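Quick look at input-v8.pdb (PDB, N, CA and C atoms):
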```
ATOM      1  N   MET A1475       3.698  -2.657   8.135  1.00  0.00           N
ATOM      2  CA  MET A1475       4.725  -1.841   7.543  1.00  0.00           C
ATOM      3  C   MET A1475       5.674  -1.257   8.591  1.00  0.00           C
ATOM      4  N   HIS A1476       5.373  -1.427   9.859  1.00  0.00           N
ATOM      5  CA  HIS A1476       6.244  -0.872  10.893  1.00  0.00           C
ATOM      6  C   HIS A1476       7.601  -1.566  10.932  1.00  0.00           C
ATOM      7  N   ASP A1477       7.668  -2.797  10.442  1.00  0.00           N
ATOM      8  CA  ASP A1477       8.925  -3.543  10.476  1.00  0.00           C
ATOM      9  C   ASP A1477       9.798  -3.310   9.248  1.00  0.00           C
ATOM     10  N   VAL A1478       9.325  -2.552   8.283  1.00  0.00           N
ATOM     11  CA  VAL A1478      10.058  -2.324   7.045  1.00  0.00           C
ATOM     12  C   VAL A1478      10.885  -1.051   7.180  1.00  0.00           C
ATOM     13  N   GLU A1479      12.190  -1.203   7.035  1.00  0.00           N
ATOM     14  CA  GLU A1479      13.066  -0.043   7.115  1.00  0.00           C
ATOM     15  C   GLU A1479      13.078   0.696   5.775  1.00  0.00           C
ATOM     16  N   ASN A1480      13.289   2.003   5.830  1.00  0.00           N
ATOM     17  CA  ASN A1480      13.423   2.841   4.640  1.00  0.00           C
ATOM     18  C   ASN A1480      12.200   2.807   3.734  1.00  0.00           C
ATOM     19  N   LEU A1481      11.029   2.722   4.323  1.00  0.00           N
ATOM     20  CA  LEU A1481       9.787   2.759   3.556  1.00  0.00           C
ATOM     21  C   LEU A1481       9.174   4.139   3.713  1.00  0.00           C
ATOM     22  N   TYR A1482       8.977   4.816   2.614  1.00  0.00           N
ATOM     23  CA  TYR A1482       8.372   6.143   2.622  1.00  0.00           C
ATOM     24  C   TYR A1482       7.115   6.089   1.762  1.00  0.00           C
ATOM     25  N   ILE A1483       6.009   6.555   2.310  1.00  0.00           N
ATOM     26  CA  ILE A1483       4.753   6.590   1.564  1.00  0.00           C
ATOM     27  C   ILE A1483       4.258   8.030   1.552  1.00  0.00           C
ATOM     28  N   VAL A1484       4.161   8.590   0.374  1.00  0.00           N
ATOM     29  CA  VAL A1484       3.662   9.948   0.209  1.00  0.00           C
ATOM     30  C   VAL A1484       2.594   9.866  -0.871  1.00  0.00           C
ATOM     31  N   GLU A1485       1.334  10.008  -0.486  1.00  0.00           N
ATOM     32  CA  GLU A1485       0.255   9.875  -1.441  1.00  0.00           C
ATOM     33  C   GLU A1485      -0.948  10.687  -0.986  1.00  0.00           C
ATOM     34  N   ASN A1486      -1.982  10.754  -1.796  1.00  0.00           N
ATOM     35  CA  ASN A1486      -3.102  11.636  -1.508  1.00  0.00           C
ATOM     36  C   ASN A1486      -4.439  10.907  -1.362  1.00  0.00           C
ATOM     37  N   SER A1487      -4.453   9.679  -0.932  1.00  0.00           N
ATOM     38  CA  SER A1487      -5.711   8.941  -0.842  1.00  0.00           C
ATOM     39  C   SER A1487      -6.642   9.484   0.243  1.00  0.00           C
ATOM     40  N   THR A1488      -6.141  10.321   1.139  1.00  0.00           N
ATOM     41  CA  THR A1488      -6.995  10.864   2.200  1.00  0.00           C
ATOM     42  C   THR A1488      -7.760  12.098   1.760  1.00  0.00           C
ATOM     43  N   PHE A1489      -7.462  12.648   0.575  1.00  0.00           N
ATOM     44  CA  PHE A1489      -8.189  13.817   0.100  1.00  0.00           C
ATOM     45  C   PHE A1489      -9.594  13.415  -0.334  1.00  0.00           C
ATOM     46  N   PRO A1490     -10.612  14.171   0.076  1.00  0.00           N
ATOM     47  CA  PRO A1490     -11.994  13.781  -0.226  1.00  0.00           C
ATOM     48  C   PRO A1490     -12.405  14.005  -1.680  1.00  0.00           C
ATOM     49  N   THR A1491     -11.651  14.779  -2.443  1.00  0.00           N
ATOM     50  CA  THR A1491     -12.003  15.039  -3.840  1.00  0.00           C
ATOM     51  C   THR A1491     -10.855  14.626  -4.737  1.00  0.00           C
ATOM     52  N   SER A1492     -11.121  14.621  -6.014  1.00  0.00           N
ATOM     53  CA  SER A1492     -10.063  14.253  -6.960  1.00  0.00           C
ATOM     54  C   SER A1492      -8.986  15.331  -6.980  1.00  0.00           C
ATOM     55  N   GLY A1493      -7.798  14.919  -7.352  1.00  0.00           N
ATOM     56  CA  GLY A1493      -6.678  15.851  -7.352  1.00  0.00           C
ATOM     57  C   GLY A1493      -6.784  16.885  -8.456  1.00  0.00           C
ATOM     58  N   TRP A1494      -6.546  18.091  -8.125  1.00  0.00           N
ATOM     59  CA  TRP A1494      -6.428  19.192  -9.068  1.00  0.00           C
ATOM     60  C   TRP A1494      -5.401  20.122  -8.481  1.00  0.00           C
ATOM     61  N   ALA A1495      -5.404  21.383  -8.724  1.00  0.00           N
ATOM     62  CA  ALA A1495      -4.340  22.285  -8.296  1.00  0.00           C
ATOM     63  C   ALA A1495      -4.148  22.294  -6.784  1.00  0.00           C
ATOM     64  N   ASN A1496      -5.167  22.592  -6.012  1.00  0.00           N
ATOM     65  CA  ASN A1496      -4.966  22.720  -4.567  1.00  0.00           C
ATOM     66  C   ASN A1496      -4.524  21.418  -3.898  1.00  0.00           C
ATOM     67  N   PRO A1497      -5.252  20.298  -4.049  1.00  0.00           N
ATOM     68  CA  PRO A1497      -4.769  19.066  -3.408  1.00  0.00           C
ATOM     69  C   PRO A1497      -3.438  18.589  -3.976  1.00  0.00           C
ATOM     70  N   THR A1498      -3.251  18.756  -5.264  1.00  0.00           N
ATOM     71  CA  THR A1498      -2.014  18.280  -5.865  1.00  0.00           C
ATOM     72  C   THR A1498      -0.822  19.074  -5.343  1.00  0.00           C
ATOM     73  N   LEU A1499      -0.946  20.375  -5.281  1.00  0.00           N
ATOM     74  CA  LEU A1499       0.159  21.188  -4.773  1.00  0.00           C
ATOM     75  C   LEU A1499       0.401  20.922  -3.290  1.00  0.00           C
ATOM     76  N   THR A1500      -0.659  20.612  -2.561  1.00  0.00           N
ATOM     77  CA  THR A1500      -0.504  20.253  -1.152  1.00  0.00           C
ATOM     78  C   THR A1500       0.278  18.955  -1.013  1.00  0.00           C
ATOM     79  N   LEU A1501       0.059  18.027  -1.916  1.00  0.00           N
ATOM     80  CA  LEU A1501       0.785  16.759  -1.888  1.00  0.00           C
ATOM     81  C   LEU A1501       2.243  16.939  -2.312  1.00  0.00           C
ATOM     82  N   VAL A1502       2.514  17.865  -3.184  1.00  0.00           N
ATOM     83  CA  VAL A1502       3.877  18.077  -3.666  1.00  0.00           C
ATOM     84  C   VAL A1502       4.808  18.496  -2.528  1.00  0.00           C
ATOM     85  N   ALA A1503       4.317  19.281  -1.590  1.00  0.00           N
ATOM     86  CA  ALA A1503       5.165  19.763  -0.487  1.00  0.00           C
ATOM     87  C   ALA A1503       5.756  18.619   0.338  1.00  0.00           C
ATOM     88  N   PRO A1504       4.953  17.686   0.883  1.00  0.00           N
ATOM     89  CA  PRO A1504       5.586  16.587   1.636  1.00  0.00           C
ATOM     90  C   PRO A1504       6.387  15.643   0.744  1.00  0.00           C
ATOM     91  N   ALA A1505       6.011  15.516  -0.521  1.00  0.00           N
ATOM     92  CA  ALA A1505       6.786  14.665  -1.420  1.00  0.00           C
ATOM     93  C   ALA A1505       8.183  15.244  -1.634  1.00  0.00           C
ATOM     94  N   LEU A1506       8.272  16.559  -1.833  1.00  0.00           N
ATOM     95  CA  LEU A1506       9.578  17.195  -1.998  1.00  0.00           C
ATOM     96  C   LEU A1506      10.399  17.125  -0.718  1.00  0.00           C
ATOM     97  N   ARG A1507       9.737  17.300   0.413  1.00  0.00           N
ATOM     98  CA  ARG A1507      10.457  17.220   1.684  1.00  0.00           C
ATOM     99  C   ARG A1507      10.998  15.803   1.910  1.00  0.00           C
ATOM    100  N   THR A1508      10.176  14.818   1.618  1.00  0.00           N
ATOM    101  CA  THR A1508      10.616  13.431   1.760  1.00  0.00           C
ATOM    102  C   THR A1508      11.776  13.147   0.822  1.00  0.00           C
ATOM    103  N   ASN A1509      11.704  13.661  -0.398  1.00  0.00           N
ATOM    104  CA  ASN A1509      12.796  13.497  -1.347  1.00  0.00           C
ATOM    105  C   ASN A1509      14.088  14.099  -0.805  1.00  0.00           C
ATOM    106  N   GLY A1510      13.986  15.269  -0.194  1.00  0.00           N
ATOM    107  CA  GLY A1510      15.170  15.902   0.384  1.00  0.00           C
ATOM    108  C   GLY A1510      15.760  15.083   1.517  1.00  0.00           C
ATOM    109  N   GLN A1511      14.911  14.503   2.343  1.00  0.00           N
ATOM    110  CA  GLN A1511      15.393  13.685   3.456  1.00  0.00           C
ATOM    111  C   GLN A1511      16.059  12.406   2.962  1.00  0.00           C
ATOM    112  N   ILE A1512      15.461  11.777   1.956  1.00  0.00           N
ATOM    113  CA  ILE A1512      16.060  10.566   1.400  1.00  0.00           C
ATOM    114  C   ILE A1512      17.408  10.887   0.758  1.00  0.00           C
ATOM    115  N   SER A1513      17.473  11.981   0.017  1.00  0.00           N
ATOM    116  CA  SER A1513      18.734  12.382  -0.612  1.00  0.00           C
ATOM    117  C   SER A1513      19.810  12.656   0.426  1.00  0.00           C
ATOM    118  N   ALA A1514      19.444  13.327   1.507  1.00  0.00           N
ATOM    119  CA  ALA A1514      20.411  13.619   2.562  1.00  0.00           C
ATOM    120  C   ALA A1514      20.933  12.335   3.200  1.00  0.00           C
ATOM    121  N   GLU A1515      20.048  11.381   3.445  1.00  0.00           N
ATOM    122  CA  GLU A1515      20.473  10.106   4.033  1.00  0.00           C
ATOM    123  C   GLU A1515      21.404   9.351   3.088  1.00  0.00           C
ATOM    124  N   LEU A1516      21.058   9.337   1.805  1.00  0.00           N
ATOM    125  CA  LEU A1516      21.911   8.642   0.837  1.00  0.00           C
ATOM    126  C   LEU A1516      23.274   9.304   0.724  1.00  0.00           C
ATOM    127  N   ASN A1517      23.318  10.616   0.766  1.00  0.00           N
ATOM    128  CA  ASN A1517      24.599  11.326   0.707  1.00  0.00           C
ATOM    129  C   ASN A1517      25.454  11.026   1.927  1.00  0.00           C
ATOM    130  N   LYS A1518      24.834  10.938   3.115  1.00  0.00           N
ATOM    131  CA  LYS A1518      25.589  10.586   4.329  1.00  0.00           C
ATOM    132  C   LYS A1518      26.186   9.200   4.197  1.00  0.00           C
ATOM    133  N   GLU A1519      25.393   8.252   3.688  1.00  0.00           N
ATOM    134  CA  GLU A1519      25.893   6.890   3.518  1.00  0.00           C
ATOM    135  C   GLU A1519      27.020   6.840   2.495  1.00  0.00           C
ATOM    136  N   ARG A1520      26.867   7.615   1.422  1.00  0.00           N
ATOM    137  CA  ARG A1520      27.893   7.643   0.370  1.00  0.00           C
ATOM    138  C   ARG A1520      29.200   8.192   0.930  1.00  0.00           C
ATOM    139  N   VAL A1521      29.135   9.245   1.739  1.00  0.00           N
ATOM    140  CA  VAL A1521      30.331   9.837   2.344  1.00  0.00           C
ATOM    141  C   VAL A1521      30.941   8.865   3.345  1.00  0.00           C
ATOM    142  N   ALA A1522      30.117   8.177   4.110  1.00  0.00           N
ATOM    143  CA  ALA A1522      30.627   7.235   5.106  1.00  0.00           C
ATOM    144  C   ALA A1522      31.344   6.060   4.436  1.00  0.00           C
ATOM    145  N   HIS A1523      30.827   5.589   3.305  1.00  0.00           N
ATOM    146  CA  HIS A1523      31.481   4.478   2.603  1.00  0.00           C
ATOM    147  C   HIS A1523      32.750   4.914   1.884  1.00  0.00           C
ATOM    148  N   ALA A1524      32.828   6.183   1.539  1.00  0.00           N
ATOM    149  CA  ALA A1524      34.021   6.685   0.837  1.00  0.00           C
ATOM    150  C   ALA A1524      35.197   6.865   1.793  1.00  0.00           C
ATOM    151  N   SER A1525      34.896   7.041   3.068  1.00  0.00           N
ATOM    152  CA  SER A1525      35.968   7.289   4.053  1.00  0.00           C
ATOM    153  C   SER A1525      36.693   6.017   4.436  1.00  0.00           C
TER     154      SER A1525
END
```
What is this file in structure tokens?
Amino acid sequence: MHDVENLYIVENSTFPTSGWANPTLTLVAPALRTNGQISAELNKERVAHAS
């Protein structure tokens, strides 16, 4: 996967127990951050193509 550009993986397979409030909310934080980063990159590209 190192050769694949724009690949983002955000998941919880490393948690030792099934997902419930604590693990799930812990997973939501990096997922939201990743979403923000992807959105920012897409907005930069959109602005660059509009110019």
Any chance you could list, as a compact mmCIF listing (two decimals) with N, CA and C atoms, in the frame of the given file, the residues in chain A that come up helix (DSSP H, G or I) when DSSP is run on the backbone?
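File out32.txt, as written:
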```txt
# COMPACT_ATOMS: atom_id res chain seq x y z
N ALA A 1495 -5.40 21.38 -8.72
CA ALA A 1495 -4.34 22.28 -8.30
C ALA A 1495 -4.15 22.29 -6.78
N ASN A 1496 -5.17 22.59 -6.01
CA ASN A 1496 -4.97 22.72 -4.57
C ASN A 1496 -4.52 21.42 -3.90
N PRO A 1497 -5.25 20.30 -4.05
CA PRO A 1497 -4.77 19.07 -3.41
C PRO A 1497 -3.44 18.59 -3.98
N THR A 1498 -3.25 18.76 -5.26
CA THR A 1498 -2.01 18.28 -5.86
C THR A 1498 -0.82 19.07 -5.34
N LEU A 1499 -0.95 20.38 -5.28
CA LEU A 1499 0.16 21.19 -4.77
C LEU A 1499 0.40 20.92 -3.29
N THR A 1500 -0.66 20.61 -2.56
CA THR A 1500 -0.50 20.25 -1.15
C THR A 1500 0.28 18.95 -1.01
N LEU A 1501 0.06 18.03 -1.92
CA LEU A 1501 0.78 16.76 -1.89
C LEU A 1501 2.24 16.94 -2.31
N VAL A 1502 2.51 17.86 -3.18
CA VAL A 1502 3.88 18.08 -3.67
C VAL A 1502 4.81 18.50 -2.53
N ALA A 1503 4.32 19.28 -1.59
CA ALA A 1503 5.16 19.76 -0.49
C ALA A 1503 5.76 18.62 0.34
N PRO A 1504 4.95 17.69 0.88
CA PRO A 1504 5.59 16.59 1.64
C PRO A 1504 6.39 15.64 0.74
N ALA A 1505 6.01 15.52 -0.52
CA ALA A 1505 6.79 14.66 -1.42
C ALA A 1505 8.18 15.24 -1.63
N LEU A 1506 8.27 16.56 -1.83
CA LEU A 1506 9.58 17.20 -2.00
C LEU A 1506 10.40 17.12 -0.72
N ARG A 1507 9.74 17.30 0.41
CA ARG A 1507 10.46 17.22 1.68
C ARG A 1507 11.00 15.80 1.91
N THR A 1508 10.18 14.82 1.62
CA THR A 1508 10.62 13.43 1.76
C THR A 1508 11.78 13.15 0.82
N ASN A 1509 11.70 13.66 -0.40
CA ASN A 1509 12.80 13.50 -1.35
C ASN A 1509 14.09 14.10 -0.80
N GLY A 1510 13.99 15.27 -0.19
CA GLY A 1510 15.17 15.90 0.38
C GLY A 1510 15.76 15.08 1.52
N GLN A 1511 14.91 14.50 2.34
CA GLN A 1511 15.39 13.68 3.46
C GLN A 1511 16.06 12.41 2.96
N ILE A 1512 15.46 11.78 1.96
CA ILE A 1512 16.06 10.57 1.40
C ILE A 1512 17.41 10.89 0.76
N SER A 1513 17.47 11.98 0.02
CA SER A 1513 18.73 12.38 -0.61
C SER A 1513 19.81 12.66 0.43
N ALA A 1514 19.44 13.33 1.51
CA ALA A 1514 20.41 13.62 2.56
C ALA A 1514 20.93 12.34 3.20
N GLU A 1515 20.05 11.38 3.44
CA GLU A 1515 20.47 10.11 4.03
C GLU A 1515 21.40 9.35 3.09
N LEU A 1516 21.06 9.34 1.80
CA LEU A 1516 21.91 8.64 0.84
C LEU A 1516 23.27 9.30 0.72
N ASN A 1517 23.32 10.62 0.77
CA ASN A 1517 24.60 11.33 0.71
C ASN A 1517 25.45 11.03 1.93
N LYS A 1518 24.83 10.94 3.12
CA LYS A 1518 25.59 10.59 4.33
C LYS A 1518 26.19 9.20 4.20
N GLU A 1519 25.39 8.25 3.69
CA GLU A 1519 25.89 6.89 3.52
C GLU A 1519 27.02 6.84 2.50
N ARG A 1520 26.87 7.62 1.42
CA ARG A 1520 27.89 7.64 0.37
C ARG A 1520 29.20 8.19 0.93
N VAL A 1521 29.14 9.24 1.74
CA VAL A 1521 30.33 9.84 2.34
C VAL A 1521 30.94 8.86 3.34
N ALA A 1522 30.12 8.18 4.11
CA ALA A 1522 30.63 7.24 5.11
C ALA A 1522 31.34 6.06 4.44
N HIS A 1523 30.83 5.59 3.30
CA HIS A 1523 31.48 4.48 2.60
C HIS A 1523 32.75 4.91 1.88
N ALA A 1524 32.83 6.18 1.54
CA ALA A 1524 34.02 6.68 0.84
C ALA A 1524 35.20 6.86 1.79
```
So that I can see what lies close to Ala1503 of chain A, please list as an MDAnalysis selection string the residues with an atom at most 12 Å from it, counting only C-alpha atoms and leaving out residues fewer than 6 positions away in the same chain. chainID A and resid 1484:1486 1496:1497 1509:1510
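Nearest to Pro1504 of chain A of all the residues A:Ala1524, A:Leu1516, A:Val1478, A:Ile1483 is A:Ile1483, counting only N, CA and C atoms.
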Please indicate the distance in Å from atom N of Gln1511 of chain A to atom N of His1523 of chain A, rounded to one decimal place. 18.3 Å
Interatomic distance between atom CA of Leu1481 of chain A and atom C of Ile1512 of chain A? 11.5 Å
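Relative to atom CA of Arg1507 of chain A, atom CA of Ser1487 of chain A is found at 18.3 Å.
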Kindly list the centre and edge lengths in Å, rounded to one decimal, for the axis-aligned box that covers all listed atoms of segment 1512-1523 of chain A plus 3 Å on each of its six sides, as AutoDock Vina command-line options.
```
--center_x 24.1 --center_y 9.0 --center_z 2.2 --size_x 23.3 --size_y 15.1 --size_z 11.7
```
